[in-house]
file final-v2.txt (compact mmCIF, C-alpha atoms)
# COMPACT_ATOMS: atom_id res chain seq x y z
CA MET A 18 151.06 104.30 67.15
CA TYR A 19 150.66 105.02 63.44
CA PHE A 20 147.47 103.64 61.88
CA PHE A 21 147.68 102.84 58.17
CA TYR A 22 145.14 100.03 58.18
CA PRO A 23 142.56 100.67 55.39
CA GLY A 24 139.50 100.41 57.62
CA PRO A 25 138.71 100.70 60.41
CA ALA A 26 141.30 103.41 60.02
CA LYS A 27 142.79 106.29 61.93
CA LEU A 28 140.05 108.47 63.41
CA HIS A 29 139.79 112.17 62.73
CA PRO A 30 141.82 113.86 65.50
CA MET A 31 138.76 115.71 66.84
CA VAL A 32 136.60 112.60 67.36
CA GLN A 33 137.46 112.27 71.06
CA GLN A 34 136.63 115.91 71.79
CA TRP A 35 133.46 115.80 69.68
CA THR A 36 132.33 112.64 71.46
CA THR A 37 132.72 114.34 74.82
CA GLU A 38 130.71 117.32 73.58
CA ILE A 39 127.95 115.03 72.26
CA PHE A 40 127.73 113.20 75.58
CA LYS A 41 127.65 116.45 77.53
CA GLU A 42 124.76 117.64 75.36
CA GLY A 43 122.91 114.40 76.14
CA LEU A 44 122.32 113.62 72.48
CA THR A 45 123.12 109.91 72.72
CA SER A 46 120.31 109.48 75.27
CA ARG A 47 117.68 111.20 73.14
CA ASN A 48 114.85 109.42 71.36
CA HIS A 49 115.83 109.03 67.71
CA ARG A 50 112.61 110.80 66.64
CA SER A 51 113.20 113.73 68.97
CA ALA A 52 113.62 117.23 67.57
CA GLU A 53 117.26 117.24 68.73
CA ILE A 54 118.25 114.10 66.76
CA ILE A 55 116.24 115.11 63.70
CA ALA A 56 118.17 118.40 63.78
CA CYS A 57 121.50 116.51 63.91
CA TYR A 58 120.43 114.30 60.97
CA ARG A 59 119.43 117.40 58.97
CA LYS A 60 122.69 119.22 59.73
CA ALA A 61 124.71 116.10 58.83
CA VAL A 62 122.90 115.84 55.47
CA GLU A 63 123.26 119.53 54.75
CA GLY A 64 126.96 119.25 55.59
CA LEU A 65 127.38 116.28 53.24
CA GLN A 66 125.66 118.23 50.47
CA LYS A 67 127.85 121.27 51.04
CA LYS A 68 131.25 119.63 51.64
CA LEU A 69 130.95 116.55 49.37
CA SER A 70 128.95 118.34 46.65
CA ILE A 71 126.00 115.94 46.89
CA PRO A 72 123.08 117.39 44.87
CA PRO A 73 120.27 118.72 47.07
CA ASP A 74 117.67 116.48 45.39
CA TYR A 75 119.58 113.30 46.30
CA THR A 76 118.32 111.55 49.46
CA VAL A 77 120.74 110.51 52.23
CA VAL A 78 119.93 107.38 54.26
CA PHE A 79 121.95 106.14 57.24
CA THR A 80 122.47 102.37 57.50
CA SER A 81 124.71 100.11 59.58
CA SER A 82 127.35 99.21 56.98
CA ALA A 83 128.27 99.09 53.31
CA THR A 84 127.49 95.36 53.38
CA GLU A 85 123.94 96.22 54.45
CA CYS A 86 123.74 98.57 51.46
CA TRP A 87 124.55 95.62 49.18
CA GLU A 88 121.53 93.82 50.60
CA ILE A 89 119.25 96.86 50.53
CA LEU A 90 119.84 97.29 46.80
CA ALA A 91 119.11 93.65 45.98
CA GLN A 92 116.06 93.43 48.25
CA SER A 93 114.53 96.75 47.21
CA PHE A 94 114.62 96.03 43.47
CA PRO A 95 113.69 92.33 43.08
CA LYS A 96 112.25 92.92 39.60
CA ASP A 97 115.51 94.39 38.29
CA THR A 98 118.57 92.81 36.69
CA PHE A 99 122.10 93.73 37.76
CA THR A 100 125.42 93.82 35.94
CA HIS A 101 128.24 93.68 38.49
CA VAL A 102 131.59 94.83 37.11
CA PHE A 103 134.56 94.08 39.37
CA ASN A 104 138.24 93.15 39.58
CA GLY A 105 138.65 92.26 43.26
CA ALA A 106 137.28 90.54 46.32
CA PHE A 107 134.78 93.16 47.51
CA GLY A 108 133.21 93.64 44.09
CA ALA A 109 132.90 89.86 43.80
CA LYS A 110 131.31 89.60 47.26
CA TRP A 111 128.75 92.26 46.33
CA ALA A 112 127.80 90.34 43.19
CA GLY A 113 127.51 87.17 45.28
CA ILE A 114 125.11 88.86 47.71
CA SER A 115 122.88 90.04 44.85
CA GLN A 116 122.79 86.53 43.45
CA LYS A 117 122.11 84.84 46.79
CA LEU A 118 119.14 87.14 47.35
CA GLY A 119 117.56 85.91 44.13
CA ASN A 120 118.32 88.69 41.67
CA THR A 121 119.24 88.12 38.05
CA VAL A 122 122.96 88.95 38.00
CA HIS A 123 125.54 89.28 35.23
CA SER A 124 129.03 89.12 36.77
CA ILE A 125 131.78 90.73 34.69
CA ARG A 126 135.28 90.24 36.11
CA TYR A 127 138.07 92.24 34.50
CA SER A 128 141.82 92.58 35.03
CA PRO A 129 142.99 94.85 37.88
CA GLU A 130 145.37 96.39 35.34
CA ALA A 131 142.51 97.50 33.06
CA PRO A 132 140.42 100.68 33.51
CA LEU A 133 137.16 98.79 32.81
CA PRO A 134 136.10 95.82 30.64
CA ASP A 135 136.70 96.46 26.94
CA ARG A 136 133.47 94.85 25.79
CA GLU A 137 129.78 95.65 25.67
CA LEU A 138 127.97 95.07 28.95
CA PRO A 139 124.96 92.73 28.93
CA ALA A 140 121.50 94.30 29.12
CA SER A 141 120.38 95.09 32.67
CA ASP A 142 118.62 97.68 34.80
CA TRP A 143 121.65 98.43 36.99
CA ILE A 144 125.42 98.66 36.60
CA CYS A 145 127.28 98.05 39.89
CA LEU A 146 130.85 99.30 40.28
CA THR A 147 133.43 99.44 43.06
CA HIS A 148 134.95 102.91 42.98
CA CYS A 149 138.13 102.02 44.91
CA GLU A 150 138.62 98.26 45.28
CA THR A 151 140.08 97.97 48.78
CA SER A 152 141.37 94.42 48.27
CA ASN A 153 143.88 95.30 45.55
CA GLY A 154 144.15 99.10 45.50
CA THR A 155 142.54 99.88 42.15
CA TYR A 156 140.35 102.81 41.13
CA ILE A 157 137.78 103.79 38.51
CA SER A 158 138.33 107.41 37.59
CA GLU A 159 135.62 110.05 37.67
CA ASN A 160 135.83 110.46 33.88
CA LEU A 161 135.35 106.74 33.28
CA ILE A 162 132.20 106.62 35.42
CA VAL A 163 130.79 109.64 33.56
CA SER A 164 131.62 108.03 30.20
CA LEU A 165 129.98 104.76 31.26
CA LYS A 166 126.79 106.57 32.25
CA LYS A 167 126.75 108.35 28.89
CA GLN A 168 127.21 105.01 27.12
CA TYR A 169 124.31 103.45 29.05
CA PRO A 170 122.08 106.43 29.94
CA GLU A 171 118.99 104.30 30.53
CA ARG A 172 120.64 102.26 33.28
CA LEU A 173 120.99 103.14 36.94
CA VAL A 174 124.53 103.14 38.33
CA ALA A 175 125.36 101.87 41.83
CA ILE A 176 128.77 102.70 43.33
CA ASP A 177 130.44 101.10 46.33
CA ALA A 178 132.42 104.14 47.51
CA THR A 179 133.59 102.65 50.80
CA SER A 180 137.24 103.62 50.28
CA SER A 181 136.53 106.89 48.47
CA LEU A 182 133.57 108.80 49.96
CA GLY A 183 135.02 111.76 51.84
CA GLY A 184 138.43 111.35 50.23
CA ILE A 185 138.00 111.80 46.49
CA CYS A 186 135.38 113.34 44.26
CA ILE A 187 132.39 111.30 43.11
CA PRO A 188 130.61 112.21 39.84
CA TRP A 189 127.15 112.43 41.39
CA GLU A 190 125.44 113.27 38.11
CA ALA A 191 126.53 109.87 36.75
CA THR A 192 125.44 107.84 39.79
CA ASP A 193 122.16 106.74 41.35
CA TYR A 194 123.02 104.67 44.43
CA VAL A 195 126.26 105.49 46.26
CA PHE A 196 127.27 104.15 49.65
CA ALA A 197 130.20 103.95 52.03
CA SER A 198 130.97 102.96 55.59
CA VAL A 199 132.22 105.85 57.72
CA GLN A 200 135.35 104.18 59.14
CA LYS A 201 137.61 104.89 56.17
CA CYS A 202 137.98 108.24 54.40
CA LEU A 203 135.48 109.86 56.76
CA GLY A 204 137.62 108.90 59.76
CA LEU A 205 134.75 108.05 62.13
CA PRO A 206 134.11 105.04 64.40
CA SER A 207 132.74 102.01 62.56
CA GLY A 208 129.07 101.09 62.79
CA MET A 209 127.36 103.32 60.23
CA ALA A 210 127.18 103.81 56.47
CA VAL A 211 126.03 106.70 54.32
CA LEU A 212 123.72 105.75 51.42
CA VAL A 213 122.92 108.37 48.77
CA CYS A 214 120.07 107.86 46.25
CA SER A 215 119.35 109.88 43.13
CA PRO A 216 115.81 111.05 42.34
CA GLN A 217 115.65 108.31 39.68
CA ALA A 218 116.59 105.58 42.16
CA THR A 219 114.16 107.00 44.71
CA GLU A 220 111.31 107.05 42.21
CA ARG A 221 112.06 103.49 41.11
CA ALA A 222 112.16 102.24 44.70
CA LEU A 223 108.84 103.83 45.53
CA GLN A 224 107.28 102.42 42.35
CA GLN A 225 108.36 98.87 43.19
CA ASN A 226 107.25 99.51 46.77
CA VAL A 227 109.00 96.56 48.42
CA THR A 228 108.35 96.91 52.15
CA THR A 229 109.12 93.40 53.40
CA HIS A 230 112.36 94.42 55.14
CA TYR A 231 112.75 97.04 57.86
CA ASN A 232 115.44 98.73 55.77
CA SER A 233 113.73 98.46 52.37
CA LEU A 234 114.19 101.68 50.44
CA ALA A 235 110.42 102.09 50.12
CA ASN A 236 110.40 102.33 53.94
CA SER A 237 113.65 104.26 54.41
CA LEU A 238 113.46 106.96 51.75
CA PRO A 239 110.24 108.73 52.86
CA LEU A 240 111.55 108.84 56.44
CA ALA A 241 115.01 109.98 55.33
CA GLN A 242 113.41 112.91 53.52
CA GLN A 243 112.10 113.90 56.97
CA TYR A 244 115.58 113.32 58.50
CA GLN A 245 114.56 110.13 60.27
CA THR A 246 115.31 106.41 60.09
CA THR A 247 113.14 103.29 60.20
CA HIS A 248 114.90 102.17 63.39
CA THR A 249 117.08 103.50 66.20
CA PRO A 250 120.27 104.44 64.32
CA ASN A 251 123.85 105.00 65.36
CA ILE A 252 123.12 108.38 66.94
CA LEU A 253 126.73 108.95 68.00
CA ASP A 254 128.03 108.52 64.44
CA ILE A 255 125.31 110.77 63.00
CA CYS A 256 126.29 113.50 65.47
CA LEU A 257 129.99 112.97 64.77
CA LEU A 258 129.30 113.17 61.04
CA MET A 259 127.50 116.46 61.59
CA LYS A 260 130.55 117.88 63.40
CA LEU A 261 132.95 116.43 60.82
CA MET A 262 131.11 118.16 57.98
CA GLU A 263 131.31 121.44 59.89
CA SER A 264 135.07 120.96 60.22
CA ILE A 265 136.50 119.63 56.95
CA GLU A 266 137.49 121.40 53.73
CA PRO A 267 135.41 120.96 50.54
CA ILE A 268 135.95 117.62 48.81
CA GLN A 269 137.68 119.23 45.81
CA LEU A 270 140.54 120.38 48.05
CA ILE A 271 140.72 117.07 49.95
CA ASP A 272 140.77 115.17 46.64
CA SER A 273 143.60 117.32 45.30
CA GLN A 274 145.69 116.83 48.43
CA LEU A 275 145.16 113.05 48.56
CA GLN A 276 145.85 112.59 44.84
CA GLU A 277 149.08 114.56 45.14
CA ARG A 278 150.23 112.65 48.23
CA ALA A 279 149.36 109.31 46.63
CA ALA A 280 151.34 110.16 43.48
CA GLN A 281 154.36 111.15 45.56
CA LEU A 282 154.13 108.01 47.70
CA TYR A 283 153.76 105.69 44.70
CA ALA A 284 156.79 107.31 43.03
CA TRP A 285 158.83 107.06 46.25
CA LEU A 286 157.95 103.39 46.78
CA GLU A 287 159.05 102.48 43.26
CA GLN A 288 162.23 104.52 43.64
CA GLU A 289 163.12 102.67 46.86
CA GLY A 290 162.60 99.24 45.30
CA PHE A 291 159.16 98.27 46.61
CA ALA A 292 157.02 96.31 44.14
CA LEU A 293 153.55 97.74 43.60
CA LEU A 294 150.80 95.20 43.04
CA ILE A 295 149.16 97.36 40.36
CA ARG A 296 151.56 98.22 37.55
CA ASN A 297 149.21 100.48 35.60
CA ALA A 298 149.52 103.89 37.27
CA ALA A 299 146.25 105.06 35.65
CA VAL A 300 144.16 102.64 37.73
CA ARG A 301 145.97 102.81 41.07
CA SER A 302 143.79 103.91 43.97
CA PRO A 303 144.63 107.25 45.59
CA THR A 304 143.37 105.97 48.94
CA VAL A 305 144.62 102.36 49.26
CA ILE A 306 148.18 101.55 48.19
CA THR A 307 149.07 97.88 47.78
CA ILE A 308 152.63 96.53 47.87
CA GLN A 309 153.55 92.96 46.96
CA ALA A 310 156.43 90.67 47.92
CA ALA A 311 157.15 87.04 48.72
CA GLU A 312 155.02 85.60 51.51
CA HIS A 313 157.89 85.40 54.03
CA GLU A 314 158.87 89.01 53.28
CA ILE A 315 155.32 90.24 53.84
CA ALA A 316 155.18 88.43 57.19
CA HIS A 317 158.55 89.93 58.16
CA ILE A 318 157.67 93.53 57.26
CA LYS A 319 154.30 93.38 59.06
CA SER A 320 155.98 92.01 62.18
CA ALA A 321 158.68 94.67 62.08
CA ALA A 322 156.09 97.38 61.49
CA SER A 323 154.03 96.25 64.45
CA GLN A 324 157.08 96.29 66.73
CA SER A 325 157.85 99.83 65.54
CA GLY A 326 154.29 101.07 66.16
CA PHE A 327 152.97 100.98 62.59
CA VAL A 328 149.66 99.25 61.88
CA LEU A 329 149.71 98.21 58.22
CA GLY A 330 146.86 96.60 56.32
CA ASN A 331 146.93 92.88 55.70
CA GLY A 332 146.56 91.57 52.19
CA TYR A 333 143.05 90.54 51.16
CA GLY A 334 141.45 87.82 49.04
CA GLU A 335 143.80 86.17 46.56
CA TRP A 336 146.53 88.62 47.61
CA LYS A 337 146.16 87.93 51.35
CA ASN A 338 149.64 86.51 51.98
CA THR A 339 151.63 88.29 49.28
CA THR A 340 150.69 91.95 49.83
CA PHE A 341 150.28 94.59 52.49
CA ARG A 342 148.18 97.73 52.16
CA ILE A 343 148.72 101.35 53.18
CA ALA A 344 145.75 103.67 53.75
CA ASN A 345 146.05 107.19 52.37
CA PHE A 346 143.00 108.68 54.08
CA PRO A 347 142.38 112.34 55.01
CA ALA A 348 142.87 111.84 58.77
CA ILE A 349 146.44 110.62 58.20
CA THR A 350 148.95 113.48 58.38
CA ASN A 351 151.91 114.15 56.12
CA GLN A 352 154.17 113.77 59.17
CA GLU A 353 152.81 110.25 59.74
CA VAL A 354 153.45 109.36 56.11
CA MET A 355 157.04 110.62 56.48
CA ALA A 356 157.47 108.46 59.60
CA LEU A 357 156.23 105.45 57.63
CA GLN A 358 158.71 106.19 54.86
CA GLU A 359 161.54 106.35 57.40
CA PHE A 360 160.50 102.97 58.78
CA LEU A 361 160.31 101.45 55.30
CA LEU A 362 163.77 102.78 54.45
CA THR A 363 165.13 101.22 57.66
CA PHE A 364 163.48 97.94 56.75
CA GLN A 365 164.96 97.99 53.24
CA ALA A 366 168.42 98.74 54.64
CA ALA A 367 168.16 95.88 57.16
CA LYS A 368 167.14 93.54 54.36
CA GLN A 369 170.32 94.32 52.45

call {"tool": "encode", "arguments": {"input": "final-v2.txt", "output": "structure tokens"}}
result
Amino acid sequence: MYFFYPGPAKLHPMVQQWTTEIFKEGLTSRNHRSAEIIACYRKAVEGLQKKLSIPPDYTVVFTSSATECWEILAQSFPKDTFTHVFNGAFGAKWAGISQKLGNTVHSIRYSPEAPLPDRELPASDWICLTHCETSNGTYISENLIVSLKKQYPERLVAIDATSSLGGICIPWEATDYVFASVQKCLGLPSGMAVLVCSPQATERALQQNVTTHYNSLANSLPLAQQYQTTHTPNILDICLLMKLMESIEPIQLIDSQLQERAAQLYAWLEQEGFALLIRNAAVRSPTVITIQAAEHEIAHIKSAASQSGFVLGNGYGEWKNTTFRIANFPAITNQEVMALQEFLLTFQAAKQ
């Protein structure tokens, strides 16, 4: 089968072998505060710093999911105000979580065809952005995030990087709280997220010192700096992440390859008569490609794809029944993309 679902997505091809090695080493049966697991945590973090260019003074915390990271941010900074800037379903859900947990929230919705809102943002302590909006296939470029940080240097910037971490470059110097689940660009089994905090975010969390939740940053950060967690974590995923970081190329090369493949695929889709949901090429995601059509056509193509062994992504949110999505993640090979193109050509021909 060919897996193009945008999360959980196709696993890195070495996951099965690595899992066997981890079991043979007995790591999944170790106490999470044992020297062996602390060593795996440390090697995973050092690998993230080396391969994803995370600054060495940023702290890496392992959580259960990106959704948990939404809650951790809101719960750890109850005195702060948040400006959530979004154009799709996941950005809107994140803003909703912050509001439900009692924070003061400014929600700024903008058009999926726009790079960012073209107006001044309301005063707040945090700006919250979705790097690649998985629901519609949009993207905020590295340069835009850097420019936004320069425009509001006194604010902390939180980035939901669920469909970008491990696939495209993140401007770490312009961010303070970055998180992603591992089942997308990182190509690992679901059940863990990587949360990265800047020194400024760490200092602020420790100053506010909210410890009422097991995963409050004031609890998690001091332990993370010792390569430990507040609870028994997903040891298998931590060990797999360690091995993944030992295996992959630096993020600059991965980014270049994905951007090039995405540009070629977008151009090919338009050439073959497929309608792209996002018309503005400057804001199209390099990692999640969204195609639109009439509802009956979408149902037909997904059914045909399934029968031919292709797992495509359903539409999401307001585009649920009128789009399908294609993942362009690092674990997907060029040969698999070519096979998908052949299927899509066959489908187009059958339609005519």

call {"tool": "residues_around", "arguments": {"input": "final-v2.txt", "residues": "Ala344 of chain A", "least_positions_apart": "6", "cutoff": "10 Å", "atoms": "all atoms listed in the file", "output": "NGL selection string"}}
result
:A and (20-24 or 26-27 or 151 or 154 or 180 or 201-202 or 279 or 302-307 or 329-330 or 354)

call {"tool": "residues_around", "arguments": {"input": "final-v2.txt", "residues": "Arg50 of chain A", "least_positions_apart": "6", "cutoff": "9 Å", "atoms": "all atoms listed in the file", "output": "list in words"}}
result
Gln245, Thr246 and Thr249 of chain A

call {"tool": "write_last_selection", "arguments": {"input": "final-v2.txt", "atoms": "C-alpha atoms", "output": "PDB file, in the frame of the given file"}}
result
ATOM      1  CA  GLN A 245     114.560 110.130  60.270  1.00  0.00           C
ATOM      2  CA  THR A 246     115.310 106.410  60.090  1.00  0.00           C
ATOM      3  CA  THR A 249     117.080 103.500  66.200  1.00  0.00           C
TER       4      THR A 249
END

call {"tool": "closest_residue", "arguments": {"input": "final-v2.txt", "among": "A:Gln309, A:Gln281, A:Glu266, A:Gln225", "to": "Tyr333 of chain A", "atoms": "only C-alpha atoms"}}
result
A:Gln309

call {"tool": "closest_residue", "arguments": {"input": "final-v2.txt", "among": "A:Met209, A:Ile89, A:Ala222, A:Val163", "to": "Pro188 of chain A", "atoms": "all atoms listed in the file"}}
result
A:Val163

call {"tool": "residues_around", "arguments": {"input": "final-v2.txt", "residues": "Val227 of chain A", "least_positions_apart": "2", "cutoff": "12 Å", "atoms": "all atoms listed in the file", "output": "mmCIF file with C-alpha atoms, in the frame of the given file"}}
result
data_model
loop_
_atom_site.group_PDB
_atom_site.id
_atom_site.type_symbol
_atom_site.label_atom_id
_atom_site.label_comp_id
_atom_site.auth_asym_id
_atom_site.auth_seq_id
_atom_site.Cartn_x
_atom_site.Cartn_y
_atom_site.Cartn_z
ATOM 1 C CA ILE A 89 119.250 96.860 50.530
ATOM 2 C CA LEU A 90 119.840 97.290 46.800
ATOM 3 C CA ALA A 91 119.110 93.650 45.980
ATOM 4 C CA GLN A 92 116.060 93.430 48.250
ATOM 5 C CA SER A 93 114.530 96.750 47.210
ATOM 6 C CA PHE A 94 114.620 96.030 43.470
ATOM 7 C CA PRO A 95 113.690 92.330 43.080
ATOM 8 C CA LYS A 96 112.250 92.920 39.600
ATOM 9 C CA ARG A 221 112.060 103.490 41.110
ATOM 10 C CA ALA A 222 112.160 102.240 44.700
ATOM 11 C CA LEU A 223 108.840 103.830 45.530
ATOM 12 C CA GLN A 224 107.280 102.420 42.350
ATOM 13 C CA GLN A 225 108.360 98.870 43.190
ATOM 14 C CA THR A 229 109.120 93.400 53.400
ATOM 15 C CA HIS A 230 112.360 94.420 55.140
ATOM 16 C CA TYR A 231 112.750 97.040 57.860
ATOM 17 C CA ASN A 232 115.440 98.730 55.770
ATOM 18 C CA SER A 233 113.730 98.460 52.370
ATOM 19 C CA LEU A 234 114.190 101.680 50.440
ATOM 20 C CA ALA A 235 110.420 102.090 50.120
ATOM 21 C CA ASN A 236 110.400 102.330 53.940
ATOM 22 C CA SER A 237 113.650 104.260 54.410
ATOM 23 C CA LEU A 238 113.460 106.960 51.750
#

call {"tool": "atom_distance", "arguments": {"input": "final-v2.txt", "atom1": "atom CA of His123 of chain A", "atom2": "atom CA of Pro139 of chain A"}}
result
7.2 Å

call {"tool": "closest_residue", "arguments": {"input": "final-v2.txt", "among": "A:Gln352, A:Asn297, A:Ser323, A:Gln200", "to": "Tyr156 of chain A", "atoms": "only C-alpha atoms"}}
result
A:Asn297

call {"tool": "residues_around", "arguments": {"input": "final-v2.txt", "residues": "Ala109 of chain A", "least_positions_apart": "5", "cutoff": "12 Å", "atoms": "all atoms listed in the file", "output": "ChimeraX atom specification"}}
result
/A:87,100-104,114-116,122-127,145-147,150-152,177,334-335

call {"tool": "atom_distance", "arguments": {"input": "final-v2.txt", "atom1": "atom CA of Leu118 of chain A", "atom2": "atom CA of Ser82 of chain A"}}
result
17.5 Å

call {"tool": "atom_distance", "arguments": {"input": "final-v2.txt", "atom1": "atom CA of Asn351 of chain A", "atom2": "atom CA of Thr363 of chain A"}}
result
18.6 Å

call {"tool": "residues_around", "arguments": {"input": "final-v2.txt", "residues": "segment 53-68 of chain A", "least_positions_apart": "6", "cutoff": "7 Å", "atoms": "all atoms listed in the file", "output": "PDB file with C-alpha atoms, in the coordinates of the input"}}
result
ATOM      1  CA  VAL A  77     120.740 110.510  52.230  1.00  0.00           C
ATOM      2  CA  TYR A 244     115.580 113.320  58.500  1.00  0.00           C
ATOM      3  CA  GLN A 245     114.560 110.130  60.270  1.00  0.00           C
ATOM      4  CA  ILE A 255     125.310 110.770  63.000  1.00  0.00           C
ATOM      5  CA  CYS A 256     126.290 113.500  65.470  1.00  0.00           C
ATOM      6  CA  LEU A 258     129.300 113.170  61.040  1.00  0.00           C
ATOM      7  CA  MET A 259     127.500 116.460  61.590  1.00  0.00           C
ATOM      8  CA  MET A 262     131.110 118.160  57.980  1.00  0.00           C
ATOM      9  CA  GLU A 263     131.310 121.440  59.890  1.00  0.00           C
ATOM     10  CA  GLU A 266     137.490 121.400  53.730  1.00  0.00           C
ATOM     11  CA  PRO A 267     135.410 120.960  50.540  1.00  0.00           C
ATOM     12  CA  ILE A 268     135.950 117.620  48.810  1.00  0.00           C
TER      13      ILE A 268
END

call {"tool": "build_atoms", "arguments": {"input": "final-v2.txt", "residues": "segment 224-231 of chain A", "atoms": "all heavy atoms", "output": "PDB file, in the frame of the given file"}}
result
ATOM      1  N   GLN A 224     108.158 103.098  43.303  1.00  0.00           N
ATOM      2  CA  GLN A 224     107.280 102.420  42.350  1.00  0.00           C
ATOM      3  C   GLN A 224     107.202 100.922  42.638  1.00  0.00           C
ATOM      4  O   GLN A 224     106.126 100.329  42.624  1.00  0.00           O
ATOM      5  CB  GLN A 224     107.764 102.661  40.924  1.00  0.00           C
ATOM      6  CG  GLN A 224     107.456 104.042  40.370  1.00  0.00           C
ATOM      7  CD  GLN A 224     108.090 104.266  39.001  1.00  0.00           C
ATOM      8  OE1 GLN A 224     108.953 103.507  38.554  1.00  0.00           O
ATOM      9  NE2 GLN A 224     107.650 105.326  38.321  1.00  0.00           N
ATOM     10  N   GLN A 225     108.355 100.313  42.909  1.00  0.00           N
ATOM     11  CA  GLN A 225     108.360  98.870  43.190  1.00  0.00           C
ATOM     12  C   GLN A 225     107.783  98.585  44.570  1.00  0.00           C
ATOM     13  O   GLN A 225     107.258  97.499  44.816  1.00  0.00           O
ATOM     14  CB  GLN A 225     109.774  98.298  43.027  1.00  0.00           C
ATOM     15  CG  GLN A 225     110.266  98.384  41.587  1.00  0.00           C
ATOM     16  CD  GLN A 225     111.406  97.433  41.266  1.00  0.00           C
ATOM     17  OE1 GLN A 225     111.642  96.438  41.961  1.00  0.00           O
ATOM     18  NE2 GLN A 225     112.117  97.716  40.184  1.00  0.00           N
ATOM     19  N   ASN A 226     107.941  99.531  45.477  1.00  0.00           N
ATOM     20  CA  ASN A 226     107.250  99.510  46.770  1.00  0.00           C
ATOM     21  C   ASN A 226     107.441  98.200  47.541  1.00  0.00           C
ATOM     22  O   ASN A 226     106.498  97.617  48.074  1.00  0.00           O
ATOM     23  CB  ASN A 226     105.749  99.785  46.588  1.00  0.00           C
ATOM     24  CG  ASN A 226     105.083 100.176  47.899  1.00  0.00           C
ATOM     25  OD1 ASN A 226     105.698 100.814  48.744  1.00  0.00           O
ATOM     26  ND2 ASN A 226     103.832  99.778  48.062  1.00  0.00           N
ATOM     27  N   VAL A 227     108.684  97.755  47.628  1.00  0.00           N
ATOM     28  CA  VAL A 227     109.000  96.560  48.420  1.00  0.00           C
ATOM     29  C   VAL A 227     109.168  96.998  49.872  1.00  0.00           C
ATOM     30  O   VAL A 227     110.067  97.767  50.204  1.00  0.00           O
ATOM     31  CB  VAL A 227     110.278  95.883  47.907  1.00  0.00           C
ATOM     32  CG1 VAL A 227     110.645  94.692  48.790  1.00  0.00           C
ATOM     33  CG2 VAL A 227     110.112  95.454  46.462  1.00  0.00           C
ATOM     34  N   THR A 228     108.325  96.493  50.745  1.00  0.00           N
ATOM     35  CA  THR A 228     108.350  96.910  52.150  1.00  0.00           C
ATOM     36  C   THR A 228     108.529  95.735  53.102  1.00  0.00           C
ATOM     37  O   THR A 228     108.229  95.837  54.287  1.00  0.00           O
ATOM     38  CB  THR A 228     107.045  97.658  52.503  1.00  0.00           C
ATOM     39  OG1 THR A 228     105.933  96.782  52.262  1.00  0.00           O
ATOM     40  CG2 THR A 228     106.885  98.917  51.668  1.00  0.00           C
ATOM     41  N   THR A 229     109.034  94.629  52.592  1.00  0.00           N
ATOM     42  CA  THR A 229     109.120  93.400  53.400  1.00  0.00           C
ATOM     43  C   THR A 229     110.294  93.392  54.370  1.00  0.00           C
ATOM     44  O   THR A 229     110.374  92.506  55.215  1.00  0.00           O
ATOM     45  CB  THR A 229     109.216  92.176  52.475  1.00  0.00           C
ATOM     46  OG1 THR A 229     110.216  92.423  51.473  1.00  0.00           O
ATOM     47  CG2 THR A 229     107.885  91.901  51.792  1.00  0.00           C
ATOM     48  N   HIS A 230     111.209  94.342  54.244  1.00  0.00           N
ATOM     49  CA  HIS A 230     112.360  94.420  55.140  1.00  0.00           C
ATOM     50  C   HIS A 230     112.335  95.767  55.854  1.00  0.00           C
ATOM     51  O   HIS A 230     111.931  96.767  55.271  1.00  0.00           O
ATOM     52  CB  HIS A 230     113.670  94.255  54.370  1.00  0.00           C
ATOM     53  CG  HIS A 230     113.726  93.018  53.537  1.00  0.00           C
ATOM     54  ND1 HIS A 230     114.074  91.791  54.041  1.00  0.00           N
ATOM     55  CD2 HIS A 230     113.432  92.802  52.230  1.00  0.00           C
ATOM     56  CE1 HIS A 230     114.020  90.880  53.085  1.00  0.00           C
ATOM     57  NE2 HIS A 230     113.625  91.470  51.971  1.00  0.00           N
ATOM     58  N   TYR A 231     112.793  95.792  57.089  1.00  0.00           N
ATOM     59  CA  TYR A 231     112.750  97.040  57.860  1.00  0.00           C
ATOM     60  C   TYR A 231     113.542  98.145  57.173  1.00  0.00           C
ATOM     61  O   TYR A 231     113.242  99.330  57.316  1.00  0.00           O
ATOM     62  CB  TYR A 231     113.250  96.829  59.283  1.00  0.00           C
ATOM     63  CG  TYR A 231     114.759  96.854  59.421  1.00  0.00           C
ATOM     64  CD1 TYR A 231     115.432  98.010  59.822  1.00  0.00           C
ATOM     65  CD2 TYR A 231     115.528  95.724  59.149  1.00  0.00           C
ATOM     66  CE1 TYR A 231     116.804  98.044  59.936  1.00  0.00           C
ATOM     67  CE2 TYR A 231     116.909  95.757  59.261  1.00  0.00           C
ATOM     68  CZ  TYR A 231     117.541  96.909  59.661  1.00  0.00           C
ATOM     69  OH  TYR A 231     118.907  96.930  59.768  1.00  0.00           O
TER      70      TYR A 231
END
